[in-house]
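Novice: Mind looking over this structure? Questions follow.
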Amino acid sequence: MKRLTLANRLSLRLMAVLTVMSAAIMLIVYFITRESMTRETETRYEGVVLHSNEKIRGVLSDVYVAAINNINDIERDIDNPDRLQAHLEKMVKLNMYMSSCRLIFEPDFYPEKGHSFEIYAWRDKKGNVYGKQMNEHHPDYLVHAWYESAFKKKEGAWTPPYFDRAASQQLTTTYLTHIRDAKGHKVGMLGADVSLDWLRQRQQRIDGENHNRYEHNFKDQSYSFIIDNDGTYLIHPDIHRVLKLKLQDVARENGDKELEAQAYRMMDKQSGSARIDNNGVKSWMFYSYVKYAEWTVVVVVPEAIIYHNGNALATLLLLVFAVGLVLIYILSHRFLLSNLRPLRRLVSAVNQISTGDFNVELPEVKSREIDALRTSFMGMQTSLNNYMNELREATAKRAAMEQELKIASDIQQRMLPKTYPPFPERTDIDIYGEVVTAYEVGGDLFDFFIRDEKLFFSIGDVSGKGVPASLMMAVTRSMFRSASLTLTSPKLIVESINRSVCQSNDSFMFVTLFMGVLDLTTGKLQYANAGHEPPVLVGSHTRFLKTDNNIPLGLRPDWGYSEQETVIMPGTTLFLYTDGFTEAEKSDLQQYGRDRMFKEAIRLAAKRLDSRTFVKEIRQTERRFVDFIPQKDDISLLAIKYQGNVDPALYYRSILLNNDVQEVPVLTVFIDGICDDMQFDDLERSGVHIAVEEAVVNAMQYAYPEGTRGHVYLEVTADDESMRLVLRDRGQAFDPTQVPEVDVDDYIQKRVMGGLGIHLIRHYMDGISYERIDNQNVLTMVKTIKKQ
Amino acid sequence: MEATIRKDGDQKLTLILDGRLDTSVTQQTEKEIEPLFEYKNYEIVIDCSRLEYISSSGLRLMMAINQRCCANHCDLYIKNLNNVVYDVFQTTGFVHLFKLK
């Protein structure tokens, strides 16, 4: 994913916070505004209704008052009917809402005026007032229900509105009140008519005003109407409903239960408002009961108009907030971008530094934070330059040091014997050694020389590595040389070296050392071991040389080192090494190890290798084991092969066996090798095998008591004419040649075994002799070699 | 050294000796052929075609086989002796002890 810039992230966060905040504010403002706007609209329409109500009441009240006030004048002139007409005309003239008025008397009240007496005054459309006697023109008024019911009432009252066909041709309501004679008897009725045309026009006008002022976008959806106390429409935009239909009937027909219920509430003289479904348009209905007239004024307004202003205001708020947010985002983003621009310039400059151009001029910046960064980069530049200079110097010094180390290494290598074979004129000794140092100079050493037919040799390992170790090594080596020139005992030599090393050892280093003196005439080996790895005797009986535990050199100047001795057989190789060899590690940290080295030594022993080949091959086994990874420690290997005083022209082989018949397979391999060398045919080969096996098994079984351990040593020499096999053991004296010769036929018949072995030896060998020398049984067998 | 006893049919079996019968293996081989002495009135053939070498201890084992098989009334034969082993048998007179096939 692509990472957002700081500018983006900050702007987005600001946006998020602002959005949440403004959303909360907007919601609150929206609801409050909508509520108040709705309330305001509702109040407006309620006002419209109330105003109508008041107006109706005012008009009707004026007419009523006028009628009441004139009753007295009329009753004063009740005996003078001709003057009554003038009262009526005055009354109409003075009251602009009174469209007409009339006096109706009980029948035959004025006999001279006829059976029915009714006078009438009205205003025409131009405003002129006329009067006339209706009498027979309006003959049926006495039987009219409205007249009769009004007459029967105790007080005056308004008639329900009706259509005045007789006079004004308009919807009219009339206030009827009684006329009484001097005695107080009801004699007739005064009727003051009010034409409702003004009311119709007023409603139309107010609706029109509402439409113009508030309902521009709603296509005249609101309207008002007035109903009578029985629900009959008195005023309605639909002229066909007036006086003909009732609100509750219309509601019932349309199945509008709510409207019907409201209609009954209106008839129950209540005022209020309700939500109704006006032919699919959700609307509010406001109504007000006109007390005096017992009518109800109603306004129907679609919801859309009620909520319109609130919604419009809320939308406007939303828009302002949105624009504000976008502006904030753009401004903060641009501000950040412009403020971070120096940072980008700094980054490119620092990138240039990382390519190695340390002296780049860093750009000037205004921002304090970025300036701090710039300052620290400048510091880094200076440091880098310093470090580079130091590094250059150090590298130069190091190169010089390496050169010196190389020289030291050369000197060290020169100290070690390096010409092989070291004693080319000698046949009795074959030596090969090598040191491979892990660092330029190492702490391993070996050395050897011959004095008075004795081979003095040593191998050692200085603790630590590098120059100090190599200096210590040089000291040790020269001490070995000087001590060995005067002393012959390894014990004394090692103690002498130890004292010198201790003296000059201020750095607490120590040296493990094996030091030996080999008498080349007798094979006697004297040695002392100062904490070094035990050497291996590789030959017919490959084994570790037994070494005492003495502490390494350099630790205690007064330590008495022990001396040991053994005799080594001719043909044996003394193999010395340092711990770098046995502790060589594979990548998984598994060590080559002493056991593995010992097994490889046994394997190589059978090959009877010269010292150089032996060292090379055993080293190869270690290299293969560690998979040729570079060595971590110095490795020194030294092989000393002792040939003894054997005529080199002579064929010589030897083997040392334990007194165990399970050694026979080892013997078989040994004899096979010799037979190969002698180029014997199958029969000769088999004969030699049988003779040697019989002789060896004899020695094993008869020379040593059962359960005791011992060795049988076999030497084989040969020249062109014969092969001599000399068998030695240190067991009790036993001369197999004294066993009487068996008569083959005899023992076959008697089935008695015994003497078979010596019989076979005699058969396959050309000579056999026994000697007892130095407590040893020595059995010599000779086989003549056939001339080819 | 390996010694195998193979049953060839009614009252017939073969002892196969394979390898070098020297002193180091005699004891082991003696154990391996022990089942041979459970068979009575059998014709037993010792197949020496793969016997490379025999020393006196091996000869002693052959003698023991000979004696115990005779006690079991078995007919004992030796076949396919190689030159080297035959030479040993001749030298020691064992050729007279066994019927050669």
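If you're wondering about the labels, chains in the structure tokens are A, B, ... by order shown, residues count from 1 in each chain, ligands from 1 in order shown.
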Could you list the residues in chain A lying within 6 Å of chain B, using only C-alpha atoms, and format the result as a PDB file with C-alpha atoms, in the first residue's frame?

Specialist:
```pdb
ATOM      1  CA  VAL A 661      41.760 -66.456  18.518  1.00  0.00           C
ATOM      2  CA  GLN A 662      39.389 -63.722  17.314  1.00  0.00           C
ATOM      3  CA  VAL A 664      42.927 -64.601  13.405  1.00  0.00           C
ATOM      4  CA  LEU A 683      48.736 -73.689  -2.626  1.00  0.00           C
ATOM      5  CA  ILE A 690      47.753 -72.686   7.750  1.00  0.00           C
ATOM      6  CA  VAL A 744      48.408 -89.978  10.213  1.00  0.00           C
ATOM      7  CA  GLY A 757      48.803 -78.361  13.968  1.00  0.00           C
TER       8      GLY A 757
END
```

Novice: Write out as a PyMOL selection string which residues come within 7 Å of Asp444 in chain A when counting only C-alpha atoms, dropping same-chain ones fewer than 3 positions away.

Specialist: chain A and resi 460-462+473+634+636

Novice: I need the residues from that last selection saved to file as a PDB file, in the first residue's frame (with N, CA and C atoms), if you can.

Specialist:
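That gives us again.pdb:
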```
ATOM      1  N   GLY A 460      54.182 -28.739  20.471  1.00  0.00           N
ATOM      2  CA  GLY A 460      53.540 -27.933  21.516  1.00  0.00           C
ATOM      3  C   GLY A 460      52.513 -26.974  20.950  1.00  0.00           C
ATOM      4  N   ASP A 461      51.747 -26.435  21.863  1.00  0.00           N
ATOM      5  CA  ASP A 461      50.662 -25.527  21.460  1.00  0.00           C
ATOM      6  C   ASP A 461      50.587 -24.416  22.508  1.00  0.00           C
ATOM      7  N   VAL A 462      50.790 -23.137  22.077  1.00  0.00           N
ATOM      8  CA  VAL A 462      50.727 -22.022  23.006  1.00  0.00           C
ATOM      9  C   VAL A 462      49.290 -21.548  23.099  1.00  0.00           C
ATOM     10  N   MET A 473      55.863 -19.066  21.399  1.00  0.00           N
ATOM     11  CA  MET A 473      56.265 -20.285  20.689  1.00  0.00           C
ATOM     12  C   MET A 473      57.756 -20.224  20.347  1.00  0.00           C
ATOM     13  N   ASP A 634      45.137 -23.274  14.789  1.00  0.00           N
ATOM     14  CA  ASP A 634      46.350 -23.825  14.160  1.00  0.00           C
ATOM     15  C   ASP A 634      46.314 -25.355  14.226  1.00  0.00           C
ATOM     16  N   SER A 636      48.947 -28.636  13.846  1.00  0.00           N
ATOM     17  CA  SER A 636      50.297 -29.158  13.596  1.00  0.00           C
ATOM     18  C   SER A 636      50.250 -30.673  13.628  1.00  0.00           C
TER      19      SER A 636
END
```

Novice: Could you pull the residues within 8 Å of Gly523 in chain A, counting only C-alpha atoms, minus those fewer than 6 positions along the same chain, as a ChimeraX atom specification?

Specialist: /A:567-570,642,644

Novice: Would you list the contacts of Leu81 in chain B as a list in words, taking every protein, DNA or RNA residue within 10 Å and counting only C-alpha atoms, but skipping same-chain residues closer than 4 positions in sequence?

Specialist: Ile46, Asp47, Cys48, Ser49, Arg50, Leu51, Glu52, Val85, Tyr86, Asp87, Phe89, Leu100 and Lys101 of chain B

Novice: Just the residues within 12 Å of range 4-18 of chain B, please, counting only C-alpha atoms, with nothing from its chain fewer than 5 positions along; format it as a PyMOL selection string.

Specialist: chain B and resi 25-26+29-54+58+62+65+73-81

Novice: Please produce a file of those selected residues containing N, CA and C atoms, as a compact mmCIF listing (two decimals), in the first residue's frame.

Specialist:
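Everything below was put into again.txt:
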```txt
# COMPACT_ATOMS: atom_id res chain seq x y z
N VAL B 25 36.49 -69.01 13.82
CA VAL B 25 35.07 -69.23 13.55
C VAL B 25 34.61 -70.63 13.92
N THR B 26 35.51 -71.51 14.34
CA THR B 26 35.15 -72.91 14.56
C THR B 26 34.02 -73.07 15.57
N THR B 29 30.70 -72.07 14.10
CA THR B 29 30.24 -73.02 13.09
C THR B 29 29.74 -74.30 13.76
N GLU B 30 30.40 -74.69 14.83
CA GLU B 30 29.99 -75.90 15.54
C GLU B 30 28.55 -75.77 16.01
N LYS B 31 28.21 -74.60 16.48
CA LYS B 31 26.83 -74.35 16.93
C LYS B 31 25.87 -74.40 15.75
N GLU B 32 26.31 -73.82 14.63
CA GLU B 32 25.41 -73.72 13.48
C GLU B 32 25.05 -75.10 12.91
N ILE B 33 25.99 -76.04 13.02
CA ILE B 33 25.69 -77.35 12.40
C ILE B 33 25.08 -78.34 13.41
N GLU B 34 24.88 -77.91 14.62
CA GLU B 34 24.32 -78.79 15.66
C GLU B 34 23.06 -79.51 15.19
N PRO B 35 22.09 -78.82 14.48
CA PRO B 35 20.86 -79.52 14.05
C PRO B 35 21.13 -80.73 13.17
N LEU B 36 22.28 -80.74 12.59
CA LEU B 36 22.61 -81.86 11.68
C LEU B 36 22.55 -83.20 12.42
N PHE B 37 22.84 -83.18 13.69
CA PHE B 37 22.92 -84.44 14.43
C PHE B 37 21.57 -84.93 14.91
N GLU B 38 20.49 -84.26 14.50
CA GLU B 38 19.16 -84.75 14.85
C GLU B 38 18.65 -85.74 13.80
N TYR B 39 19.31 -85.76 12.64
CA TYR B 39 18.84 -86.62 11.55
C TYR B 39 19.48 -88.00 11.67
N LYS B 40 18.65 -89.03 11.60
CA LYS B 40 19.15 -90.41 11.69
C LYS B 40 18.84 -91.13 10.39
N ASN B 41 19.75 -92.01 10.00
CA ASN B 41 19.58 -92.80 8.77
C ASN B 41 19.45 -91.92 7.54
N TYR B 42 20.17 -90.83 7.50
CA TYR B 42 20.11 -89.91 6.37
C TYR B 42 21.36 -90.07 5.52
N GLU B 43 21.21 -89.63 4.30
CA GLU B 43 22.40 -89.49 3.47
C GLU B 43 22.80 -88.02 3.54
N ILE B 44 23.99 -87.78 4.11
CA ILE B 44 24.41 -86.39 4.31
C ILE B 44 25.61 -86.09 3.41
N VAL B 45 25.47 -85.00 2.62
CA VAL B 45 26.55 -84.61 1.73
C VAL B 45 27.09 -83.25 2.22
N ILE B 46 28.43 -83.17 2.42
CA ILE B 46 29.01 -81.89 2.78
C ILE B 46 29.53 -81.25 1.50
N ASP B 47 28.86 -80.12 1.12
CA ASP B 47 29.24 -79.44 -0.13
C ASP B 47 30.32 -78.42 0.20
N CYS B 48 31.55 -78.67 -0.31
CA CYS B 48 32.68 -77.81 0.02
C CYS B 48 33.08 -76.91 -1.14
N SER B 49 32.16 -76.75 -2.12
CA SER B 49 32.55 -75.98 -3.30
C SER B 49 32.92 -74.54 -2.95
N ARG B 50 32.35 -74.03 -1.87
CA ARG B 50 32.68 -72.66 -1.51
C ARG B 50 33.56 -72.58 -0.26
N LEU B 51 34.08 -73.71 0.16
CA LEU B 51 35.00 -73.71 1.32
C LEU B 51 36.38 -73.32 0.84
N GLU B 52 36.88 -72.16 1.30
CA GLU B 52 38.14 -71.61 0.77
C GLU B 52 39.35 -72.15 1.52
N TYR B 53 39.16 -72.46 2.78
CA TYR B 53 40.34 -72.66 3.64
C TYR B 53 39.91 -73.46 4.85
N ILE B 54 40.84 -74.30 5.32
CA ILE B 54 40.53 -75.04 6.55
C ILE B 54 41.81 -75.19 7.35
N GLY B 58 39.35 -76.62 12.10
CA GLY B 58 38.29 -77.00 11.17
C GLY B 58 38.29 -78.50 10.95
N MET B 62 35.41 -81.41 11.46
CA MET B 62 35.02 -82.42 10.46
C MET B 62 35.04 -83.80 11.12
N ILE B 65 31.96 -84.24 13.18
CA ILE B 65 30.80 -84.51 12.32
C ILE B 65 30.82 -85.99 11.93
N HIS B 73 23.98 -93.44 12.26
CA HIS B 73 23.78 -94.32 11.10
C HIS B 73 23.51 -93.55 9.83
N CYS B 74 24.25 -92.47 9.68
CA CYS B 74 24.08 -91.70 8.45
C CYS B 74 25.22 -92.04 7.48
N ASP B 75 24.87 -91.93 6.16
CA ASP B 75 25.91 -92.06 5.13
C ASP B 75 26.48 -90.66 4.91
N LEU B 76 27.80 -90.49 5.04
CA LEU B 76 28.39 -89.15 4.96
C LEU B 76 29.30 -89.06 3.74
N TYR B 77 29.09 -88.01 2.95
CA TYR B 77 29.93 -87.79 1.77
C TYR B 77 30.48 -86.37 1.79
N ILE B 78 31.61 -86.18 1.10
CA ILE B 78 32.12 -84.83 0.89
C ILE B 78 32.25 -84.62 -0.60
N LYS B 79 31.84 -83.46 -1.09
CA LYS B 79 32.02 -83.24 -2.52
C LYS B 79 32.59 -81.85 -2.79
N ASN B 80 33.16 -81.72 -3.96
CA ASN B 80 33.65 -80.43 -4.47
C ASN B 80 34.74 -79.80 -3.62
N LEU B 81 35.68 -80.58 -3.10
CA LEU B 81 36.80 -79.99 -2.38
C LEU B 81 37.69 -79.26 -3.38
```

Novice: Give me the residues within 6 Å of range 449-455 of chain A as a PyMOL selection string, counting only C-alpha atoms and dropping any in the same chain fewer than 6 places off.

Specialist: chain A and resi 517-520

Novice: List every residue of range 203-387 of chain A that DSSP, applied to the backbone of this structure, assigns to strand (DSSP E), and report them as a ChimeraX atom specification.

Specialist: /A:223-227,233-235,272-278,281-290,295-302

Novice: Using backbone DSSP assignments, extract all helix (DSSP H, G or I) residues from chain B; output them as a short mmCIF file (atom, residue, chain, number, x, y, z; two decimals) with N, CA and C atoms, in the first residue's frame.

Specialist:
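The resulting file, selection-v3.cif, is shown below:
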```cif
data_model
loop_
_atom_site.label_atom_id
_atom_site.label_comp_id
_atom_site.auth_asym_id
_atom_site.auth_seq_id
_atom_site.Cartn_x
_atom_site.Cartn_y
_atom_site.Cartn_z
N THR B 23 40.44 -70.91 12.96
CA THR B 23 40.25 -71.09 14.41
C THR B 23 39.24 -70.10 14.99
N SER B 24 39.18 -68.88 14.39
CA SER B 24 38.31 -67.86 14.98
C SER B 24 36.84 -68.17 14.79
N VAL B 25 36.49 -69.01 13.82
CA VAL B 25 35.07 -69.23 13.55
C VAL B 25 34.61 -70.63 13.92
N THR B 26 35.51 -71.51 14.34
CA THR B 26 35.15 -72.91 14.56
C THR B 26 34.02 -73.07 15.57
N GLN B 27 34.15 -72.36 16.67
CA GLN B 27 33.13 -72.51 17.72
C GLN B 27 31.74 -72.14 17.21
N GLN B 28 31.68 -71.03 16.50
CA GLN B 28 30.41 -70.55 15.97
C GLN B 28 29.83 -71.57 14.98
N THR B 29 30.70 -72.07 14.10
CA THR B 29 30.24 -73.02 13.09
C THR B 29 29.74 -74.30 13.76
N GLU B 30 30.40 -74.69 14.83
CA GLU B 30 29.99 -75.90 15.54
C GLU B 30 28.55 -75.77 16.01
N LYS B 31 28.21 -74.60 16.48
CA LYS B 31 26.83 -74.35 16.93
C LYS B 31 25.87 -74.40 15.75
N GLU B 32 26.31 -73.82 14.63
CA GLU B 32 25.41 -73.72 13.48
C GLU B 32 25.05 -75.10 12.91
N GLU B 34 24.88 -77.91 14.62
CA GLU B 34 24.32 -78.79 15.66
C GLU B 34 23.06 -79.51 15.19
N PRO B 35 22.09 -78.82 14.48
CA PRO B 35 20.86 -79.52 14.05
C PRO B 35 21.13 -80.73 13.17
N LEU B 36 22.28 -80.74 12.59
CA LEU B 36 22.61 -81.86 11.68
C LEU B 36 22.55 -83.20 12.42
N PHE B 37 22.84 -83.18 13.69
CA PHE B 37 22.92 -84.44 14.43
C PHE B 37 21.57 -84.93 14.91
N GLU B 38 20.49 -84.26 14.50
CA GLU B 38 19.16 -84.75 14.85
C GLU B 38 18.65 -85.74 13.80
N SER B 56 43.54 -76.69 11.33
CA SER B 56 43.41 -77.89 12.13
C SER B 56 42.14 -77.88 12.98
N SER B 57 41.74 -76.69 13.44
CA SER B 57 40.52 -76.66 14.25
C SER B 57 39.32 -77.05 13.39
N GLY B 58 39.35 -76.62 12.10
CA GLY B 58 38.29 -77.00 11.17
C GLY B 58 38.29 -78.50 10.95
N LEU B 59 39.49 -79.06 10.88
CA LEU B 59 39.60 -80.51 10.68
C LEU B 59 39.01 -81.25 11.89
N ARG B 60 39.26 -80.70 13.05
CA ARG B 60 38.71 -81.34 14.25
C ARG B 60 37.19 -81.34 14.21
N LEU B 61 36.62 -80.25 13.68
CA LEU B 61 35.17 -80.16 13.55
C LEU B 61 34.67 -81.22 12.57
N MET B 62 35.41 -81.41 11.46
CA MET B 62 35.02 -82.42 10.46
C MET B 62 35.04 -83.80 11.12
N MET B 63 36.04 -84.02 11.96
CA MET B 63 36.15 -85.31 12.65
C MET B 63 34.94 -85.54 13.54
N ALA B 64 34.54 -84.48 14.23
CA ALA B 64 33.38 -84.60 15.12
C ALA B 64 32.13 -84.92 14.31
N ILE B 65 31.96 -84.24 13.18
CA ILE B 65 30.80 -84.51 12.32
C ILE B 65 30.82 -85.99 11.93
N ASN B 66 31.99 -86.44 11.53
CA ASN B 66 32.14 -87.82 11.07
C ASN B 66 31.69 -88.81 12.16
N GLN B 67 32.19 -88.57 13.38
CA GLN B 67 31.89 -89.52 14.45
C GLN B 67 30.42 -89.52 14.82
N ARG B 68 29.84 -88.33 14.94
CA ARG B 68 28.45 -88.27 15.39
C ARG B 68 27.49 -88.75 14.32
N CYS B 69 27.84 -88.52 13.04
CA CYS B 69 26.97 -88.99 11.96
C CYS B 69 27.02 -90.52 11.89
N CYS B 70 28.20 -91.09 12.10
CA CYS B 70 28.30 -92.55 12.12
C CYS B 70 27.42 -93.12 13.24
N ALA B 71 27.45 -92.44 14.39
CA ALA B 71 26.63 -92.88 15.52
C ALA B 71 25.14 -92.81 15.17
N ASN B 83 41.39 -77.46 -4.57
CA ASN B 83 42.77 -77.98 -4.52
C ASN B 83 43.40 -77.79 -3.16
N VAL B 84 43.26 -76.57 -2.68
CA VAL B 84 43.94 -76.19 -1.45
C VAL B 84 43.44 -77.03 -0.28
N VAL B 85 42.12 -77.12 -0.17
CA VAL B 85 41.54 -77.86 0.95
C VAL B 85 41.81 -79.36 0.77
N TYR B 86 41.75 -79.79 -0.48
CA TYR B 86 42.03 -81.22 -0.75
C TYR B 86 43.45 -81.56 -0.30
N ASP B 87 44.36 -80.59 -0.54
CA ASP B 87 45.76 -80.80 -0.15
C ASP B 87 45.85 -81.01 1.36
N VAL B 88 45.08 -80.22 2.11
CA VAL B 88 45.08 -80.35 3.57
C VAL B 88 44.52 -81.72 3.96
N PHE B 89 43.42 -82.09 3.31
CA PHE B 89 42.80 -83.39 3.60
C PHE B 89 43.77 -84.54 3.33
N GLN B 90 44.53 -84.35 2.24
CA GLN B 90 45.46 -85.42 1.89
C GLN B 90 46.60 -85.48 2.91
N THR B 91 47.14 -84.32 3.22
CA THR B 91 48.25 -84.23 4.17
C THR B 91 47.90 -84.88 5.50
N PHE B 94 42.75 -87.15 6.01
CA PHE B 94 41.30 -87.05 6.12
C PHE B 94 40.60 -87.62 4.89
N VAL B 95 41.35 -87.70 3.80
CA VAL B 95 40.75 -88.28 2.59
C VAL B 95 40.30 -89.71 2.85
N HIS B 96 40.96 -90.35 3.83
CA HIS B 96 40.57 -91.72 4.12
C HIS B 96 39.37 -91.78 5.04
#
```

Novice: To one decimal place, how far is CA of Phe218 in chain A from CA of Tyr287 in chain A in Å?

Specialist: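 That distance, rounded to one decimal, is 21.2 Å.
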
Novice: Would you kindly return, as a count of residues only, each protein, DNA or RNA residue with an atom no farther than 12 Å from any atom of Ser338 in chain A, considering only C-alpha atoms and excluding same-chain residues fewer than 4 positions away?

Specialist: 13

Novice: May I ask for the distance between CA of Thr542 in chain A and CA of Ala601 in chain A, given in Å to one decimal place?

Specialist: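 That distance, rounded to one decimal, is 7.5 Å.
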